[in-house]
Amino acid sequence: MPSPHPSPSLRTLFSPIRLNGLELPNRVFMNGLHLGFEKRPDPFAAMAHFHKVRANGGAGLLLAGGCSPNRVGRPMADGFSIEHDDTISKHRAITQAVHSRGGLIALQLVHFGREAFHRDLVAPSPGRAGNNVFRPAALGEDDILATIADFGQAARRAREAGYDAIEVVGSQGFLLHQFLARHINLRKDGWGGDIDGRMRFARLVLRACRERAGADFPIVFRLPALDLMPGCNGSEDVLAILEMARQERVDMVNVGIGTHESPVPTIALSVPPAGFAAVAHFIKRHAGAMPVAVSNRINDPRLAEALLLEGVADMVAVGRPLLADAEFVGKARANAFDSINTCIACNQSCLDKALFGQEVGCTLNPQCATPGEGRMEAAARPLNIAVVGAGIAGLTAAATLARRGHRVDVIEQRARLGGQLLLAARIPGKHEFLRTVAHFEDVLPRLGVELRLGRKAEPEALAAQGYDHVFVATGTRPRTLEVPSDGSVAVVGYEDLLRHDLPVAYPVVVVGGGGIALDVSLYLAARPGVMEESERYLRANLPAAEAARLLAGADVRRRQVTILQRSEGKLAPKVGATTRWGLLREIEHLGVAQVKGATLLGLRSGQVHYQHRSGAQAAIPAATVVLAIGQELDRALLDGLERIGLPYTLVGGAGQSGDNITTSVRSAYEAAVAL
């Protein structure tokens with residue numbers, strides 16, 4: 001367990017802060033996450049366990065997310081709410097669980113408005129949200145006043161249920177934000193029009209919460225600081241909303257960025273760490289004495305400390321990092337940074353699930369949000385196990401098996417752990433995958449796992465060394481394709497390209513239509529040219545006229561990339577919904593062309609010749625073709641194990657359980673638990 005004593009390296013992060021009458025032990029605030037537990041037999045018990053595990057981890061203030069003050073504000077018909085007094089006792093299961101571990105917890109009050117997925121949804125105006133199939137009814141005057149009263153009653157109930165604070169969500173495209181946003185609120189009465197009219201609903205909601213919860217009860221307001229939508233609120237409107245929150249005695253503002261409809265990524269892996277810190281700093285400069293929390297893509301406690309030291313904010317709000325590692329805070333306190341299972345913002349098991357009303361989890365932490373999270377059942381009979389392959393599936397299996405008490409060796413023919421994580425880390429925006437590798441490099445030796453790198457596993461040798469069981473996590477090998485060619489176009493496999501960072505001649509045609517083809521195209525189109533650094537250096541150090549003379553007419557990019565896809569359907573259809581659109585936007589920005597419904601015919605005369613499904617033939621100029629046409633199982637080790645009768649389990653990509661990191665991790669974890 002991490003040391004309970006504050007880390008001398010992160011003194012600011014682990015300094016206390018007061019919100020009204022509540023003193024928090026540190027500056028980590030767990031953002032609200034709608035967990036989707038409503039269909040479980042006892043959803044409140046499930047939420048209690050989830051938050052109890054994170055209270056053990058030591059965050060300064062937890063937040064139970066996505067709770068509606070009334071029926072129509074629920075995210076779904078059976079959504080999380082605190083709309084009646086008879087729900088108070090149910091909520092106490094959550095607060096008591098957290099308090100039993102010495103933690104503090106707030107309740108997030110959010111009316112989903114037109115973002116709700118049920119037929120009774122409402123909004124200030126009848127416009128349908130772009131990501132919804134249901135059209136809302138416009139709230140009438142009486143309904144608005146009733147909703148304000150519902151918020152006040154919900155705040156009272158939250159306090160009576162034992163919550164230590166509340167957060168009122170005025171951002172992210174939910175109901176309060178819908179009233180505040182000029183591009184959504186089209187009302188002509190006293191609840192719309194100028195910013196004062198559009199703020200009226202939020203003002204009265206905050207006032208009702210303060211009156212009902214009490215003067216000494218901490219209230220956080222999720223501030224819509226940057227809408228990222230056409231025709232949205234400008235900075236003057238945002239500052240007016242900030243001042244309104246101060247007038248209504250809000251104790252902290254939590255900076256909210258964007259909505260579910262924003263055309264700019266806000267929390268995807270393509271967003272740089274703390275990519276919206278400047279927005280929080282803008283709010284901080286105008287907030288006076290009111291504390292400000294910064295959020296969005298803060299997955300490293302050292303980054304959190306830097307944000308506090310530089311005066312960007314007073315608290316750091318994190319959500320997904322506490323899904324990936326419930327002990328994020330405790331490990332940071334102990335300076336055990338490499339042992340943190342870092343969130344890589346893949347969104348596959350959290351936001352992609354929440355978007356469709358499914359239960360939230362974490363790709364890298366398969367125990368997350370499960371009934372058994374925080375516990376690991378010991379094996380009835382410890383075995384001597386070889387895990388062959390050190391990609392994400394093998395590493396997950398090895399850690400899980402070791403935690404259950406088995407003796408585990410990891411055998412990897414390459415000199416480093418990581419497998420295809422090392423390839424993925426080459427893709428722009430995915431460099432944080434290396435943090436996952438570092439996590440296992442730190443954790444596995446602590447668990448007693450022996451790492452045998454640079455060794456190829458042979459069936460007979462495994463049997464001779466006395467292993468009781470072998471986990472085969474050797475992954476897959478790229479599919480190959482015989483292409484008629486006159487030699488004028490180079491052909492490279494995607495794995496060789498990424499593993500060795502091979503130089504290629506442009507223009508490049510990427511053959512394939514899945515997630516790998518999308519990633520490879522992004523890698524090739526964004527790749528720095530060999531002349532670019534020279535150009536930057538000369539422009540910085542030579543007289544301007546001399547640099548201009550030397551570089552006149554130079555075209556240092558000329559890196560055209562085209563994707564040639566056999567299918568006429570979507571490119572990379574299996575990439576998660578909250579990630580795919582941002583990647584497509586990026587390759588479009590980089591000028592990557594797409595040709596769909598094309599069958600490769602051959603390579604000749606510096607061109608890729610293909611036939612469209614219509615029967616028409618065409619050609620694309622190319623110096624290089626990169627094959628990204630999928631993967632296939634390598635059966636060499638499997639056949640040998642079957643021949644000698646050594647028991648084995650196939651996991652990860654080798655088990656053909658899917659083509660993404662989530663399915664690889666899940667299959668490895670479940671197999672290791674089941675053994």
# chains A, B, ... in the order shown; residues from 1 in each chain; ligands from 1

$ residues_around --residues "Leu309 of chain A" --least-positions-apart "6" --cutoff "10 Å" --atoms "only C-alpha atoms" --output "short mmCIF file (atom, residue, chain, number, x, y, z; two decimals) with N, CA and C atoms, in the first residue's frame"
data_model
loop_
_atom_site.label_atom_id
_atom_site.label_comp_id
_atom_site.auth_asym_id
_atom_site.auth_seq_id
_atom_site.Cartn_x
_atom_site.Cartn_y
_atom_site.Cartn_z
N LEU A 10 4.73 16.69 -3.97
CA LEU A 10 3.46 17.25 -4.43
C LEU A 10 2.77 17.96 -3.27
N ARG A 11 3.44 18.92 -2.69
CA ARG A 11 2.94 19.56 -1.48
C ARG A 11 1.66 20.33 -1.72
N THR A 12 1.54 20.96 -2.88
CA THR A 12 0.34 21.77 -3.13
C THR A 12 -0.87 20.87 -3.34
N LEU A 13 -0.70 19.81 -4.12
CA LEU A 13 -1.81 18.89 -4.38
C LEU A 13 -2.32 18.29 -3.08
N LEU A 303 1.27 16.59 -13.27
CA LEU A 303 0.64 17.64 -14.05
C LEU A 303 -0.35 18.41 -13.18
#

$ closest_atom_pairs --of "segment 135-221 of chain A" --to "segment 45-63 of chain A" --cutoff "10 Å" --atoms "only C-alpha atoms" --output "tab-separated table"
residue	atom	partner	partner_atom	distance
A:Tyr163	CA	A:Leu63	CA	9.4
A:Asp164	CA	A:Leu61	CA	8.8
A:Ala165	CA	A:Leu63	CA	8.8
A:Ile166	CA	A:Leu63	CA	8.2
A:Glu167	CA	A:Leu63	CA	8.0

$ write_last_selection --atoms "N, CA, C and O atoms" --output "PDB file, in the first residue's frame"
ATOM      1  N   TYR A 163     -24.689  13.609   2.270  1.00  0.00           N
ATOM      2  CA  TYR A 163     -23.671  14.147   1.365  1.00  0.00           C
ATOM      3  C   TYR A 163     -23.016  15.367   1.990  1.00  0.00           C
ATOM      4  O   TYR A 163     -23.663  16.136   2.726  1.00  0.00           O
ATOM      5  N   ASP A 164     -21.759  15.543   1.700  1.00  0.00           N
ATOM      6  CA  ASP A 164     -20.984  16.633   2.291  1.00  0.00           C
ATOM      7  C   ASP A 164     -21.062  17.915   1.477  1.00  0.00           C
ATOM      8  O   ASP A 164     -20.636  18.977   1.957  1.00  0.00           O
ATOM      9  N   ALA A 165     -21.580  17.825   0.255  1.00  0.00           N
ATOM     10  CA  ALA A 165     -21.690  18.988  -0.634  1.00  0.00           C
ATOM     11  C   ALA A 165     -22.547  18.562  -1.817  1.00  0.00           C
ATOM     12  O   ALA A 165     -22.898  17.383  -1.962  1.00  0.00           O
ATOM     13  N   ILE A 166     -22.882  19.522  -2.665  1.00  0.00           N
ATOM     14  CA  ILE A 166     -23.510  19.216  -3.950  1.00  0.00           C
ATOM     15  C   ILE A 166     -22.772  19.955  -5.055  1.00  0.00           C
ATOM     16  O   ILE A 166     -22.116  20.974  -4.816  1.00  0.00           O
ATOM     17  N   GLU A 167     -22.874  19.410  -6.260  1.00  0.00           N
ATOM     18  CA  GLU A 167     -22.466  20.135  -7.456  1.00  0.00           C
ATOM     19  C   GLU A 167     -23.696  20.307  -8.330  1.00  0.00           C
ATOM     20  O   GLU A 167     -24.372  19.322  -8.655  1.00  0.00           O
TER      21      GLU A 167
END

$ closest_residue --among "A:Val264, A:Ala668, A:Lys596, A:Gly513" --to "Ala399 of chain A" --atoms "only C-alpha atoms"
A:Ala668

$ closest_residue --among "A:Val408, A:Leu453, A:Ala313, A:Leu590" --to "Val255 of chain A" --atoms "only C-alpha atoms"
A:Ala313

$ atom_distance --atom1 "atom CA of Ala334 of chain A" --atom2 "atom CA of Ala317 of chain A"
19.8 Å
